[in-house]
Structures are given as C-alpha cells and as structure tokens.
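J.: Shown below is the structure under consideration.
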Amino acid sequence: MNENKVEILLVEDNPHDAELTIRALKKANLANRLIHLKDGAEALDFVFAKGAFSERNIESRPKVILLDIKMPKVDGIEVLRQIKSNEITKTIPVVIMTSSKEEQDVITSYNLGVNSYIVKPVEFESFAKAVSELGFYWLITNQCA
Amino acid sequence: MRTKPNRLSLNQLSIHKRLPLLICTLLLSAIVIYGFANYYSLKKASLLIGRERLSSLTGQFSSMFGTSAQSIIKIVETTAAQKEITQYLETGGNAYQKEALNALDKLHRDSSYVSIELLNTELVPILKSDKSSIEIKENIKSLASALHVGHDLGKVGRIYNVKGVLYYPVIAAVTDKKSITGYIIFWKLLQANPKSVAQLSQLVGTGAGFYIGNTDGSIWTDLVKQVKNVPSDATKNHKALEYTGTDGLRMLANVQPIAHTDWLIMVSFPEHVVLKGMIDFVKWSVIIGLVLMAVGAFAAWVTSHNITRPLNQLTATAAAISQGDYAVSSSGDLYRNDEFGQLARVFDLMTNQVFRMHQDLEKKVAERTSQLENVNRELEAFSYSVSHDLRTPLRAINGYSIMLKEDYDEKLDDEGRRIIRNILTNAKMMGQLIDDLLAFSRLGKKDLAFANVDMKMLAKTVVDELLTLEPGNKYSVAISSLPPANADPTMIKQVWMNLLSNAIKYSSKKDRPEIEIGFKEGESGVTYYVKDNGAGFDMAYSNKLFGVFQRLHSQDEFEGSGVGLALVKRIIEKHKGEIIAEAAEGKGATFYFRF
C-alpha cells in the first residue's frame, strides 16, 4: 500500500467481501493506491490522522471511501456522520457498499450526505461489474475536491 | 322471526294499558252479571212476597166481609122467625097482614134498607113494607133454591144494578119448623161511606184497589160506585192474577170468594209499589258497583304503572348498555323492597360485571396485541437477518467459485469445470430464493396503500423492463386499454412483474412467443388477464400452481424458485380479489385476476 497518496479507502470487516472487491478493482487496474481497514474505528483514525495514523497528513484525502455499514466497534453510519460533519473531510466522496437494502439505512445515509449507496449483489459478476464501474467513476471520471 | 298481526290484537297493547283494561272488563262483567241476576231473582222474590201478602190481605178482608154477611144473615133469619112474619106466611098471606107490615116497617133500620118483602113459596112477592123505596124485580130463584130446612136458611145474593145503583138481596126462609112457608127478602144498598172506604184503602196501601163483585164477574164495585176496570178473568181464578190497568199500570191482584155470599173480593196492588224496594236496592248496588269499578280501575292503573315504569326504566338502561354506556344505573328502583327492587339491584350487579369483563377483555386484547406486535417485530428482525446475513456468505461462495474458474481454468479438466459450474448455478438459485422469500414474508406485515393505479401504464413499464433483459425482439406483446384500478401500486407492480416474467420465461422456447395483456368486464368488476402461447401446464395440477415452492416444471426446463405465483396470489388476496389460471400443455396459459 502506498501511503503517500491513498486513492481508495476500503472499510470492510468481512475479509471475503474485501478480497472480492480488491480483486475486481485490480482487474480494472484501479487498485494501486488502495488501503483496506477492517472496522470503523480504524477508518476514523485514518481519516482524521489519529491513533495509528497520526503521522498522516489529514489534508491528503482519498479520492473515494468505500464504506460498509455493518462493522464492529464503530459502524458505517457513525463513520459517515463524522466524516461528513468535519469541514476538512466532508468533501471526500463516500460510497456505502452494503448488503442492507433497509430503507431506513438508505434514508439516514443520504440525510448524512452520502454520495452514493450501493447494495452488494450476490452474484459475483454483477458485483465485480458494479465495483469496477464505481471505481472508474470516482477515480477517473469524477472531479475531486 | 316475529310476525305482526294485521288486526288489533290484545297483545299489541302495552301492559300499562292492558292491566287496567282487563280489570275494568272483569269488574264491569261482574257488575252486569250481578246486577241482572239480582234484578231477576229479587223481582221474583218480591213478587212472590207481594202476592202472598196480597193473598193474605184478601183472605182477611174476605173473612171480614164474610163475618159481616153472616151477621146480616143472622139478622134476617131472626126477622124471619118473628111471630108476625111466620103467622102471616103460614096463613098464606091471608091473615095478620097489618101486623106483618108493621114488623116489616120496623125493620128499615137505616137508609141502606131499600126494600123488605115477603114472598110466598112460589117466590111471588105478597107483601112489601111501606118504607120500601124501590121496586126490584129480579129473578131470585137460584138464590132461594139454596135455602133448606135444617141447613142454610139465609143467604146473601148477588149484586144487582138497578138504574145505575147497586143493590143486593139478603134472603131468609120462613119455616114452621118443618118446611118452608115463605121467604123474607131484604134489599140493601151496596154502598159504603166513602171516608171509611178511603181509610180501608189506605190500610191496604197506596195505589191499592179494593173491589167486590159477583162470582160471575158481571158487576164489580169499589163500594162507592160500580167500576169497570176489573179484568174479566177475575172470576174464574180464585187466585192471584196480573193485569195492566186502564191507566197503563201493571197491577197484582188477588180474588177470593166471600163466604155465605155469591160475591168475590179482589184486592189489587200496583206492581211497581211491590217492586220499589227491590229496584232501589238493585239501583244502589249497581251504582256502588260502578264506583268500586272506577276505584278498581284506578288502582289497577296505578299498579300497572308501578310495574311498567320500572320495566321501562330497566329497558332504557339495557338499551344504554347495549350502546356501550356503562355509567347508567337503575337509580331509584334500587331501594325498593319488592321484586323490582331485586331486579334493579341484580341488574346493576350484572352491569358492573359486564363492564368489568369488558375492561378485562380490552386489557387482554391490548396485551395480546402488544405480544403480537413483539412477535411481529422479532419476525421482521429475523427475516432481515435472514436476507442480509445469508447473502454475505453466498456472495463469497459465488465470488470464490468464479475466482477459481478464472484463475485455474487451464488447470481444471472438464469435470472440474462442470463441478464449478454447478456450484455457481446453485449459489445463484439460492440468491434468488432468498430474495423471493424475503419479498414473500415482507408482504405479510405491510399495510396496503391504496391509490388509483394506471394498469395499462404499469403493465407497459414492467414489460419494457423485462424485455430489456431479453436479447433480440422476438417477443410480441399486446396490451389493451386496461381500465384503472384502486390498489397498492408497489404490490400490483410485483404482480405484473411475476406474471409477465413467467409469461416471458415459459414462452421463451417458442419461435414466435406471443403475450397478450387484456381485461374483461363482468358484474363483479374488471378481470385482468395475462395470456401467453408458451409451454402451459397440465390442468390436473392446477391446484398446486400457487403453492409456495410448488413447481410444475423441472429446473432443467425452466428455472425458478416456485415462490413467484405464491406471492402473486397473496397480493391479490390481500386486495380481497381472486386469481385463476387456465392452461393446456404446450398451448400456453392464461392467468385471470380481479380485485
């Protein structure tokens, strides 16, 4: 992992889901600068350059954060809330990628300012396609702040 | 079922009116019957008593007159035994005439003696007193024939009317101790002092009549003058009779013979006088009866009111309770000591009991509802968990299988590849199953949100969505102008989705798959249908069609979880409608639904 400029922050507690996601991104040549963290607490430490990541430059923002909701310690919604309520970090595009299609989660996320909400499909092909399209869009097409 | 009688029936009147009415009728009939019975029996008794009284009175008068007659006869008999008379008659009227005349003249005691005569054995008058004022020539043969030596020697004869005045003879036979030598006859005026007659009448009673007459009824007198108002049958019966007098009054009379005479005495009495007492009695008893009836009716009315008022009160209370108002009570009646008081108290108890039970029930229902709500929530959490948590490992199975296929393809043989393919197929199926199951279970807890649904547009949208996934455009779909429906749009979209995806799926093997979406108008509303010319199914198994996980084709022929139609049926039934399927093997199927 290249710590100089992280482009994708993947926050996913399930190692299998993580592996599949990374594989899909790799296939699309978008995984060069990707960091995978396993829970919300670590994610917050990274984003706000705290704890284990206190030597990071907080201004060095990733191009996109791929965020799962159901995680131990701090869940995705809470991470989203904190990211979007901080002046420095709120411009980072956050894409929630989750198995949950619960309307409440969707509404809450959008209310908190999530940029996109994706429900992980079961079939791998669809999943891989979604991830690579996602990655392509946020890394290449989209203009970051 | 209660029938209403057409004519006025007693049962239709309220008890309030019925009771007094009944009592009145009862009392009235009692009074009427009593009155009539009284009247007739008392009348009979009064008449009987009257007649008896009359009879004894008449008898007394008869014997009184009889005695008088007897004394007159005695006088005449004594006269007949006078020497002058006997001497004269013995000589056949030839000697002692002056003496006889003298004797005869002395016999005119008072003005009532109008003529005294001596007769010979042939009843020819041979000597008449000088003081005789009248000449009476009547046939007295029968009178004389009644006299015999050794028996009656004197008799009072019948009454004679001479020139408007009434006389009667008293005859005595003159004998020489062996045989009759001649007769002496006294003619007397039949008249009494009006004052004494009036007194006598008054003795009998007001309105009474008092008559003396001949036994053949030829002449009747009231002792003052001859009277004509005595009925003709007063001769034959020596008994009681009734007649209507000349003044129209009904009279009772008694006729009896006067001994020693040829006379009858009749005493008559107006009937109304006899009946007066009885009529007064009946009149008064009817009046009292009517008064009692009025009192009785009033008492009955009051009693009935006392019965119906608490009844009505109770009815009103019951009505209020049936409307849900438990606050009413029977108030005043609670404190009575009689049956109604008991009823009111028990009713109150019952009301309280019902109220408490009602409250208990409400509490139980609330408890059950909250229990059910809890269960529902748990179920929701469960299905959410099922869908969410089952999907994650499924995704992994899927992903890794593909990874295996992609990364190790050249290292695998056909068998290996086949195995991986099977893993993938099954994982895909499981995903579909989870989705279907979740949709099916979510359906249960959702409430329908009714709206006006444009069925044509909805069907078209679903068709377009589904056909985008199908390569080529071999499907020909015809949609008629479906009328709008009042339903939950999301759910109906699911219905169209499932039916149309089925139609597409099962007709996919045909060269020219045709799908028709239409509607039929009927009396129970609009019936929509989806018709395809695909594989169809055997109608013998049609009852399995809508079962959960029930399929009529194998996975090799057509893939599917078997939940789709079950979902459709459940949605339609939630809209209180129904769905029917018709098909023929190989010829296609039509699904009709309405709600």
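By order in the structure tokens, chains are A, B, ...; within a chain, residues start at 1; ligands start at 1, following the order shown.
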Write down as number ranges by chain the residues of stretch 2-141 of chain A whose backbone DSSP state falls under helix (DSSP H, G or I).
T.: A: 15-27, 40-47, 51-53, 76-84, 103-112, 124-141
J.: Give me the residues within 12 Å of A:Ser54 as a list of chain:residue names, counting only C-alpha atoms and dropping any in the same chain fewer than 4 places off.
T.: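 That gives A:Glu42, A:Leu44, A:Asp45, A:Phe46, A:Val47, A:Phe48, A:Ala49, A:Lys50, A:Ile58.
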J.: Kindly save the residues from that selection, with all heavy atoms included, as a PDB file, in the first residue's frame.
T.:
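What follows is the written file result.pdb:
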ATOM      1  N   GLU A  42     -10.741   2.160  13.098  1.00  0.00           N
ATOM      2  CA  GLU A  42      -9.514   2.327  12.312  1.00  0.00           C
ATOM      3  C   GLU A  42      -9.735   3.339  11.206  1.00  0.00           C
ATOM      4  O   GLU A  42      -8.866   4.181  10.926  1.00  0.00           O
ATOM      5  CB  GLU A  42      -9.078   1.002  11.670  1.00  0.00           C
ATOM      6  CG  GLU A  42      -8.376   0.063  12.610  1.00  0.00           C
ATOM      7  CD  GLU A  42      -7.830  -1.168  11.889  1.00  0.00           C
ATOM      8  OE1 GLU A  42      -7.869  -1.180  10.642  1.00  0.00           O
ATOM      9  OE2 GLU A  42      -7.386  -2.092  12.570  1.00  0.00           O
ATOM     10  N   LEU A  44     -11.835   5.838  11.101  1.00  0.00           N
ATOM     11  CA  LEU A  44     -11.871   7.207  11.627  1.00  0.00           C
ATOM     12  C   LEU A  44     -10.454   7.684  11.966  1.00  0.00           C
ATOM     13  O   LEU A  44     -10.077   8.837  11.687  1.00  0.00           O
ATOM     14  CB  LEU A  44     -12.761   7.280  12.865  1.00  0.00           C
ATOM     15  CG  LEU A  44     -14.262   7.208  12.561  1.00  0.00           C
ATOM     16  CD1 LEU A  44     -15.059   7.116  13.854  1.00  0.00           C
ATOM     17  CD2 LEU A  44     -14.709   8.423  11.757  1.00  0.00           C
ATOM     18  N   ASP A  45      -9.665   6.779  12.548  1.00  0.00           N
ATOM     19  CA  ASP A  45      -8.268   7.138  12.865  1.00  0.00           C
ATOM     20  C   ASP A  45      -7.534   7.552  11.608  1.00  0.00           C
ATOM     21  O   ASP A  45      -6.797   8.532  11.585  1.00  0.00           O
ATOM     22  CB  ASP A  45      -7.539   5.958  13.511  1.00  0.00           C
ATOM     23  CG  ASP A  45      -7.941   5.781  14.971  1.00  0.00           C
ATOM     24  OD1 ASP A  45      -8.584   6.718  15.508  1.00  0.00           O
ATOM     25  OD2 ASP A  45      -7.615   4.738  15.568  1.00  0.00           O
ATOM     26  N   PHE A  46      -7.773   6.811  10.543  1.00  0.00           N
ATOM     27  CA  PHE A  46      -7.087   7.113   9.283  1.00  0.00           C
ATOM     28  C   PHE A  46      -7.534   8.470   8.747  1.00  0.00           C
ATOM     29  O   PHE A  46      -6.723   9.322   8.413  1.00  0.00           O
ATOM     30  CB  PHE A  46      -7.400   6.014   8.255  1.00  0.00           C
ATOM     31  CG  PHE A  46      -6.731   6.261   6.922  1.00  0.00           C
ATOM     32  CD1 PHE A  46      -5.438   5.782   6.690  1.00  0.00           C
ATOM     33  CD2 PHE A  46      -7.378   6.982   5.912  1.00  0.00           C
ATOM     34  CE1 PHE A  46      -4.822   6.020   5.464  1.00  0.00           C
ATOM     35  CE2 PHE A  46      -6.748   7.209   4.697  1.00  0.00           C
ATOM     36  CZ  PHE A  46      -5.460   6.733   4.456  1.00  0.00           C
ATOM     37  N   VAL A  47      -8.854   8.632   8.664  1.00  0.00           N
ATOM     38  CA  VAL A  47      -9.374   9.860   8.048  1.00  0.00           C
ATOM     39  C   VAL A  47      -8.955  11.085   8.830  1.00  0.00           C
ATOM     40  O   VAL A  47      -8.560  12.107   8.249  1.00  0.00           O
ATOM     41  CB  VAL A  47     -10.909   9.798   7.929  1.00  0.00           C
ATOM     42  CG1 VAL A  47     -11.475  11.149   7.521  1.00  0.00           C
ATOM     43  CG2 VAL A  47     -11.316   8.724   6.954  1.00  0.00           C
ATOM     44  N   PHE A  48      -9.001  10.948  10.145  1.00  0.00           N
ATOM     45  CA  PHE A  48      -8.674  12.127  10.956  1.00  0.00           C
ATOM     46  C   PHE A  48      -7.238  12.130  11.433  1.00  0.00           C
ATOM     47  O   PHE A  48      -6.863  12.927  12.281  1.00  0.00           O
ATOM     48  CB  PHE A  48      -9.637  12.214  12.158  1.00  0.00           C
ATOM     49  CG  PHE A  48     -11.024  12.488  11.722  1.00  0.00           C
ATOM     50  CD1 PHE A  48     -11.976  11.477  11.775  1.00  0.00           C
ATOM     51  CD2 PHE A  48     -11.378  13.738  11.226  1.00  0.00           C
ATOM     52  CE1 PHE A  48     -13.286  11.748  11.363  1.00  0.00           C
ATOM     53  CE2 PHE A  48     -12.667  13.985  10.811  1.00  0.00           C
ATOM     54  CZ  PHE A  48     -13.626  12.992  10.877  1.00  0.00           C
ATOM     55  N   ALA A  49      -6.436  11.249  10.855  1.00  0.00           N
ATOM     56  CA  ALA A  49      -4.990  11.168  11.163  1.00  0.00           C
ATOM     57  C   ALA A  49      -4.747  11.077  12.651  1.00  0.00           C
ATOM     58  O   ALA A  49      -4.093  11.925  13.267  1.00  0.00           O
ATOM     59  CB  ALA A  49      -4.263  12.375  10.566  1.00  0.00           C
ATOM     60  N   LYS A  50      -5.398  10.024  13.207  1.00  0.00           N
ATOM     61  CA  LYS A  50      -5.233   9.834  14.647  1.00  0.00           C
ATOM     62  C   LYS A  50      -4.701   8.438  14.906  1.00  0.00           C
ATOM     63  O   LYS A  50      -4.561   7.632  14.008  1.00  0.00           O
ATOM     64  CB  LYS A  50      -6.606   9.957  15.343  1.00  0.00           C
ATOM     65  CG  LYS A  50      -7.235  11.286  15.247  1.00  0.00           C
ATOM     66  CD  LYS A  50      -7.877  11.652  16.581  1.00  0.00           C
ATOM     67  CE  LYS A  50      -8.621  12.958  16.434  1.00  0.00           C
ATOM     68  NZ  LYS A  50      -9.987  12.738  15.978  1.00  0.00           N
ATOM     69  N   ILE A  58      -3.640  14.990   7.253  1.00  0.00           N
ATOM     70  CA  ILE A  58      -5.100  14.945   7.166  1.00  0.00           C
ATOM     71  C   ILE A  58      -5.603  15.573   5.880  1.00  0.00           C
ATOM     72  O   ILE A  58      -6.672  15.221   5.373  1.00  0.00           O
ATOM     73  CB  ILE A  58      -5.731  15.614   8.416  1.00  0.00           C
ATOM     74  CG1 ILE A  58      -7.206  15.259   8.517  1.00  0.00           C
ATOM     75  CG2 ILE A  58      -5.515  17.112   8.366  1.00  0.00           C
ATOM     76  CD1 ILE A  58      -7.864  15.665   9.786  1.00  0.00           C
TER      77      ILE A  58
END
J.: For B:Leu438, list every protein, DNA or RNA residue within 9 Å, evaluated using only C-alpha atoms, and leave out those in the same chain fewer than 3 positions away; present the list as a ChimeraX atom specification.
T.: /B:383-384,386-387,433-435,441-443
J.: When the cut-off is 8 Å and we count only C-alpha atoms, which residues of chain B are near chain A, given as a ChimeraX atom specification?
T.: /B:388,391-392,394-396,398-400,402,428,431
J.: Go ahead and write the selection's residues with C-alpha atoms as a PDB file, in the first residue's frame.
T.:
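Result saved to out_13.pdb:
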ATOM      1  CA  HIS B 388     -28.796  -9.858   4.982  1.00  0.00           C
ATOM      2  CA  ARG B 391     -26.421 -13.108   1.406  1.00  0.00           C
ATOM      3  CA  THR B 392     -22.947 -12.373   2.605  1.00  0.00           C
ATOM      4  CA  LEU B 394     -23.492 -16.588  -0.536  1.00  0.00           C
ATOM      5  CA  ARG B 395     -21.641 -13.764  -2.182  1.00  0.00           C
ATOM      6  CA  ALA B 396     -18.383 -15.307  -1.004  1.00  0.00           C
ATOM      7  CA  ASN B 398     -20.192 -17.142  -5.670  1.00  0.00           C
ATOM      8  CA  GLY B 399     -17.105 -14.972  -5.799  1.00  0.00           C
ATOM      9  CA  TYR B 400     -14.624 -17.652  -4.927  1.00  0.00           C
ATOM     10  CA  ILE B 402     -15.653 -17.576 -10.151  1.00  0.00           C
ATOM     11  CA  LYS B 428     -27.392 -18.161  -7.945  1.00  0.00           C
ATOM     12  CA  GLY B 431     -29.762 -15.898  -4.004  1.00  0.00           C
TER      13      GLY B 431
END
J.: If you count only C-alpha atoms, which residues fall within 12 Å of A:Gly113, apart from same-chain ones fewer than 4 positions away, as a list in words?
T.: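 That gives Ile77, Val79, Leu80, Arg81, Gln82, Ile83, Lys84, Ser85, Asn86, Lys90, Thr91, Ile92, Pro93, Val94, Val95, Ile96, Val106, Ile107, Thr108, Ser109 and Tyr117 of chain A.
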J.: Quick one: write out the picked residues with C-alpha atoms as a PDB file, in the first residue's frame?
T.:
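Written output follows (again.pdb):
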ATOM      1  CA  ILE A  77     -23.273   5.210   9.659  1.00  0.00           C
ATOM      2  CA  VAL A  79     -18.172   6.892  10.377  1.00  0.00           C
ATOM      3  CA  LEU A  80     -20.197   8.610   7.692  1.00  0.00           C
ATOM      4  CA  ARG A  81     -21.604  11.056  10.171  1.00  0.00           C
ATOM      5  CA  GLN A  82     -18.187  12.007  11.482  1.00  0.00           C
ATOM      6  CA  ILE A  83     -16.632  12.331   8.070  1.00  0.00           C
ATOM      7  CA  LYS A  84     -19.409  14.472   6.730  1.00  0.00           C
ATOM      8  CA  SER A  85     -19.584  16.751   9.721  1.00  0.00           C
ATOM      9  CA  ASN A  86     -15.925  17.747   9.627  1.00  0.00           C
ATOM     10  CA  LYS A  90     -16.694  16.313   4.349  1.00  0.00           C
ATOM     11  CA  THR A  91     -15.701  16.809   0.748  1.00  0.00           C
ATOM     12  CA  ILE A  92     -14.423  13.241   0.449  1.00  0.00           C
ATOM     13  CA  PRO A  93     -16.861  11.197  -1.674  1.00  0.00           C
ATOM     14  CA  VAL A  94     -18.264   8.328   0.384  1.00  0.00           C
ATOM     15  CA  VAL A  95     -19.873   5.340  -1.244  1.00  0.00           C
ATOM     16  CA  ILE A  96     -21.722   2.999   1.065  1.00  0.00           C
ATOM     17  CA  VAL A 106     -30.668   4.474   2.867  1.00  0.00           C
ATOM     18  CA  ILE A 107     -32.541   7.494   4.161  1.00  0.00           C
ATOM     19  CA  THR A 108     -30.203   8.046   7.077  1.00  0.00           C
ATOM     20  CA  SER A 109     -27.184   7.781   4.834  1.00  0.00           C
ATOM     21  CA  TYR A 117     -25.449   3.946  -1.882  1.00  0.00           C
TER      22      TYR A 117
END
J.: Residues near A:Val131, anyone? I mean within 9 Å using only C-alpha atoms, not counting same-chain ones fewer than 3 positions away, as a PyMOL selection string.
T.: chain A and resi 21-22+24-25+126-128+134-136
J.: Got time to write the residues from that selection, N, CA, C and O atoms, as a compact mmCIF listing (two decimals), in the first residue's frame?
T.:
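And here's out_38.txt as it stands now:
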# COMPACT_ATOMS: atom_id res chain seq x y z
N THR A 21 -13.77 -7.53 -3.57
CA THR A 21 -13.75 -6.14 -4.01
C THR A 21 -12.40 -5.76 -4.60
O THR A 21 -12.29 -5.19 -5.69
N ILE A 22 -11.36 -6.13 -3.85
CA ILE A 22 -9.99 -5.76 -4.30
C ILE A 22 -9.68 -6.45 -5.61
O ILE A 22 -9.09 -5.85 -6.53
N ALA A 24 -11.75 -7.31 -7.94
CA ALA A 24 -12.46 -6.62 -9.02
C ALA A 24 -11.75 -5.33 -9.39
O ALA A 24 -11.61 -4.97 -10.58
N LEU A 25 -11.31 -4.58 -8.38
CA LEU A 25 -10.65 -3.29 -8.65
C LEU A 25 -9.31 -3.53 -9.36
O LEU A 25 -8.94 -2.80 -10.28
N SER A 126 -22.01 -9.55 -11.27
CA SER A 126 -22.66 -8.24 -11.07
C SER A 126 -21.84 -7.42 -10.09
O SER A 126 -21.70 -6.20 -10.25
N PHE A 127 -21.41 -8.06 -9.04
CA PHE A 127 -20.65 -7.38 -8.00
C PHE A 127 -19.38 -6.79 -8.60
O PHE A 127 -19.09 -5.59 -8.41
N ALA A 128 -18.69 -7.60 -9.34
CA ALA A 128 -17.42 -7.12 -9.91
C ALA A 128 -17.67 -5.97 -10.86
O ALA A 128 -16.96 -4.95 -10.84
N LEU A 134 -17.85 1.59 -10.40
CA LEU A 134 -17.73 2.51 -9.27
C LEU A 134 -16.34 3.12 -9.24
O LEU A 134 -16.16 4.34 -9.21
N GLY A 135 -15.41 2.27 -9.25
CA GLY A 135 -14.03 2.72 -9.13
C GLY A 135 -13.66 3.64 -10.28
O GLY A 135 -13.10 4.73 -10.09
N PHE A 136 -14.06 3.22 -11.44
CA PHE A 136 -13.78 4.01 -12.62
C PHE A 136 -14.36 5.39 -12.50
O PHE A 136 -13.70 6.40 -12.78
J.: Excluding same-chain residues fewer than 2 positions from B:Ser145, what lies within 12 Å of it counting only C-alpha atoms, as a list of chain:residue names?
T.: B:Thr121, B:Glu122, B:Leu123, B:Asn139, B:Ile140, B:Lys141, B:Ser142, B:Leu143, B:Leu147, B:His148, B:Val149, B:His151, B:Asp152, B:Leu153, B:Gly154, B:Lys155, B:Gly157, B:Ile171, B:Ala172, B:Ala173, B:Ile180, B:Tyr183
J.: Could you take the residues named above and write them with N, CA and C atoms, as a PDB file, in the first residue's frame?
T.:
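Saved file again-v2.pdb follows:
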ATOM      1  N   THR B 121    -194.204 -19.252  48.773  1.00  0.00           N
ATOM      2  CA  THR B 121    -193.360 -20.380  48.408  1.00  0.00           C
ATOM      3  C   THR B 121    -193.040 -20.415  46.917  1.00  0.00           C
ATOM      4  N   GLU B 122    -193.841 -19.771  46.141  1.00  0.00           N
ATOM      5  CA  GLU B 122    -193.531 -19.686  44.712  1.00  0.00           C
ATOM      6  C   GLU B 122    -192.677 -18.488  44.389  1.00  0.00           C
ATOM      7  N   LEU B 123    -192.230 -17.845  45.410  1.00  0.00           N
ATOM      8  CA  LEU B 123    -191.342 -16.695  45.263  1.00  0.00           C
ATOM      9  C   LEU B 123    -192.038 -15.482  44.675  1.00  0.00           C
ATOM     10  N   ASN B 139    -184.834 -12.049  39.241  1.00  0.00           N
ATOM     11  CA  ASN B 139    -185.031 -13.489  39.391  1.00  0.00           C
ATOM     12  C   ASN B 139    -184.166 -14.002  40.515  1.00  0.00           C
ATOM     13  N   ILE B 140    -184.803 -14.388  41.541  1.00  0.00           N
ATOM     14  CA  ILE B 140    -184.033 -14.841  42.692  1.00  0.00           C
ATOM     15  C   ILE B 140    -184.250 -16.312  42.975  1.00  0.00           C
ATOM     16  N   LYS B 141    -184.645 -16.985  41.942  1.00  0.00           N
ATOM     17  CA  LYS B 141    -184.980 -18.398  42.126  1.00  0.00           C
ATOM     18  C   LYS B 141    -183.778 -19.196  42.584  1.00  0.00           C
ATOM     19  N   SER B 142    -182.669 -18.937  41.923  1.00  0.00           N
ATOM     20  CA  SER B 142    -181.460 -19.705  42.259  1.00  0.00           C
ATOM     21  C   SER B 142    -181.030 -19.402  43.680  1.00  0.00           C
ATOM     22  N   LEU B 143    -181.264 -18.153  44.059  1.00  0.00           N
ATOM     23  CA  LEU B 143    -180.865 -17.758  45.403  1.00  0.00           C
ATOM     24  C   LEU B 143    -181.716 -18.518  46.410  1.00  0.00           C
ATOM     25  N   LEU B 147    -181.662 -22.382  49.854  1.00  0.00           N
ATOM     26  CA  LEU B 147    -182.072 -22.453  51.254  1.00  0.00           C
ATOM     27  C   LEU B 147    -182.796 -23.767  51.523  1.00  0.00           C
ATOM     28  N   HIS B 148    -182.468 -24.391  52.609  1.00  0.00           N
ATOM     29  CA  HIS B 148    -183.120 -25.654  53.008  1.00  0.00           C
ATOM     30  C   HIS B 148    -183.365 -25.660  54.485  1.00  0.00           C
ATOM     31  N   VAL B 149    -184.429 -26.360  54.856  1.00  0.00           N
ATOM     32  CA  VAL B 149    -184.679 -26.552  56.291  1.00  0.00           C
ATOM     33  C   VAL B 149    -183.597 -27.451  56.833  1.00  0.00           C
ATOM     34  N   HIS B 151    -180.567 -26.710  57.013  1.00  0.00           N
ATOM     35  CA  HIS B 151    -179.244 -26.207  56.550  1.00  0.00           C
ATOM     36  C   HIS B 151    -179.262 -24.702  56.553  1.00  0.00           C
ATOM     37  N   ASP B 152    -178.729 -24.133  55.511  1.00  0.00           N
ATOM     38  CA  ASP B 152    -178.720 -22.673  55.442  1.00  0.00           C
ATOM     39  C   ASP B 152    -180.147 -22.158  55.280  1.00  0.00           C
ATOM     40  N   LEU B 153    -180.482 -21.272  56.106  1.00  0.00           N
ATOM     41  CA  LEU B 153    -181.812 -20.677  55.986  1.00  0.00           C
ATOM     42  C   LEU B 153    -181.698 -19.239  55.503  1.00  0.00           C
ATOM     43  N   GLY B 154    -180.512 -18.740  55.399  1.00  0.00           N
ATOM     44  CA  GLY B 154    -180.367 -17.360  54.952  1.00  0.00           C
ATOM     45  C   GLY B 154    -179.143 -17.231  54.053  1.00  0.00           C
ATOM     46  N   LYS B 155    -179.234 -16.328  53.122  1.00  0.00           N
ATOM     47  CA  LYS B 155    -178.083 -16.138  52.192  1.00  0.00           C
ATOM     48  C   LYS B 155    -178.059 -14.724  51.673  1.00  0.00           C
ATOM     49  N   GLY B 157    -177.427 -12.566  48.425  1.00  0.00           N
ATOM     50  CA  GLY B 157    -177.480 -12.836  46.993  1.00  0.00           C
ATOM     51  C   GLY B 157    -176.495 -11.991  46.215  1.00  0.00           C
ATOM     52  N   ILE B 171    -181.709 -12.898  51.748  1.00  0.00           N
ATOM     53  CA  ILE B 171    -182.945 -13.691  51.819  1.00  0.00           C
ATOM     54  C   ILE B 171    -182.873 -14.664  52.985  1.00  0.00           C
ATOM     55  N   ALA B 172    -184.072 -14.846  53.593  1.00  0.00           N
ATOM     56  CA  ALA B 172    -184.155 -15.886  54.632  1.00  0.00           C
ATOM     57  C   ALA B 172    -185.442 -16.660  54.437  1.00  0.00           C
ATOM     58  N   ALA B 173    -185.340 -17.881  54.710  1.00  0.00           N
ATOM     59  CA  ALA B 173    -186.566 -18.705  54.574  1.00  0.00           C
ATOM     60  C   ALA B 173    -187.353 -18.693  55.864  1.00  0.00           C
ATOM     61  N   ILE B 180    -190.549 -24.948  54.512  1.00  0.00           N
ATOM     62  CA  ILE B 180    -190.507 -23.516  54.216  1.00  0.00           C
ATOM     63  C   ILE B 180    -191.919 -23.033  53.892  1.00  0.00           C
ATOM     64  N   TYR B 183    -190.697 -16.694  52.173  1.00  0.00           N
ATOM     65  CA  TYR B 183    -189.356 -16.084  52.262  1.00  0.00           C
ATOM     66  C   TYR B 183    -189.507 -14.639  52.638  1.00  0.00           C
TER      67      TYR B 183
END
J.: Just asking: which residues within chain A are strand (DSSP E or B) according to DSSP, as a VMD selection string?
T.: chain A and resid 8 to 11 34 to 37 64 to 67 94 to 98 116 to 119
J.: What is the atom CA of B:Ala427-atom CA of B:Gln550 distance in Å, reported with one decimal?
T.: 19.9 Å
J.: So which residues touch stretch 215-222 of chain B within 6 Å, counting only C-alpha atoms, skipping near sequence neighbours fewer than 3 positions away, as number ranges by chain?
T.: B: 210-212, 225-227, 235, 262-264
J.: Take atom CA of B:Ala589 and atom CA of B:Asp532 and report the distance between them in Å, one decimal.
T.: 5.6 Å
J.: For each of A:Phe53, A:Ala145, A:Ile140, A:Asp105, take the minimum atom-to-atom distance to A:Ala41, counting only C-alpha atoms, then give the residue where this is smallest.
T.: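 Among the listed residues, the smallest separation from A:Ala41 belongs to A:Phe53.
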J.: Grab the atom CA of B:Lys228 to atom CA of B:Phe186 distance for me, in Å with one decimal place.
T.: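 Distance reported for this atom pair: 26.4 Å.
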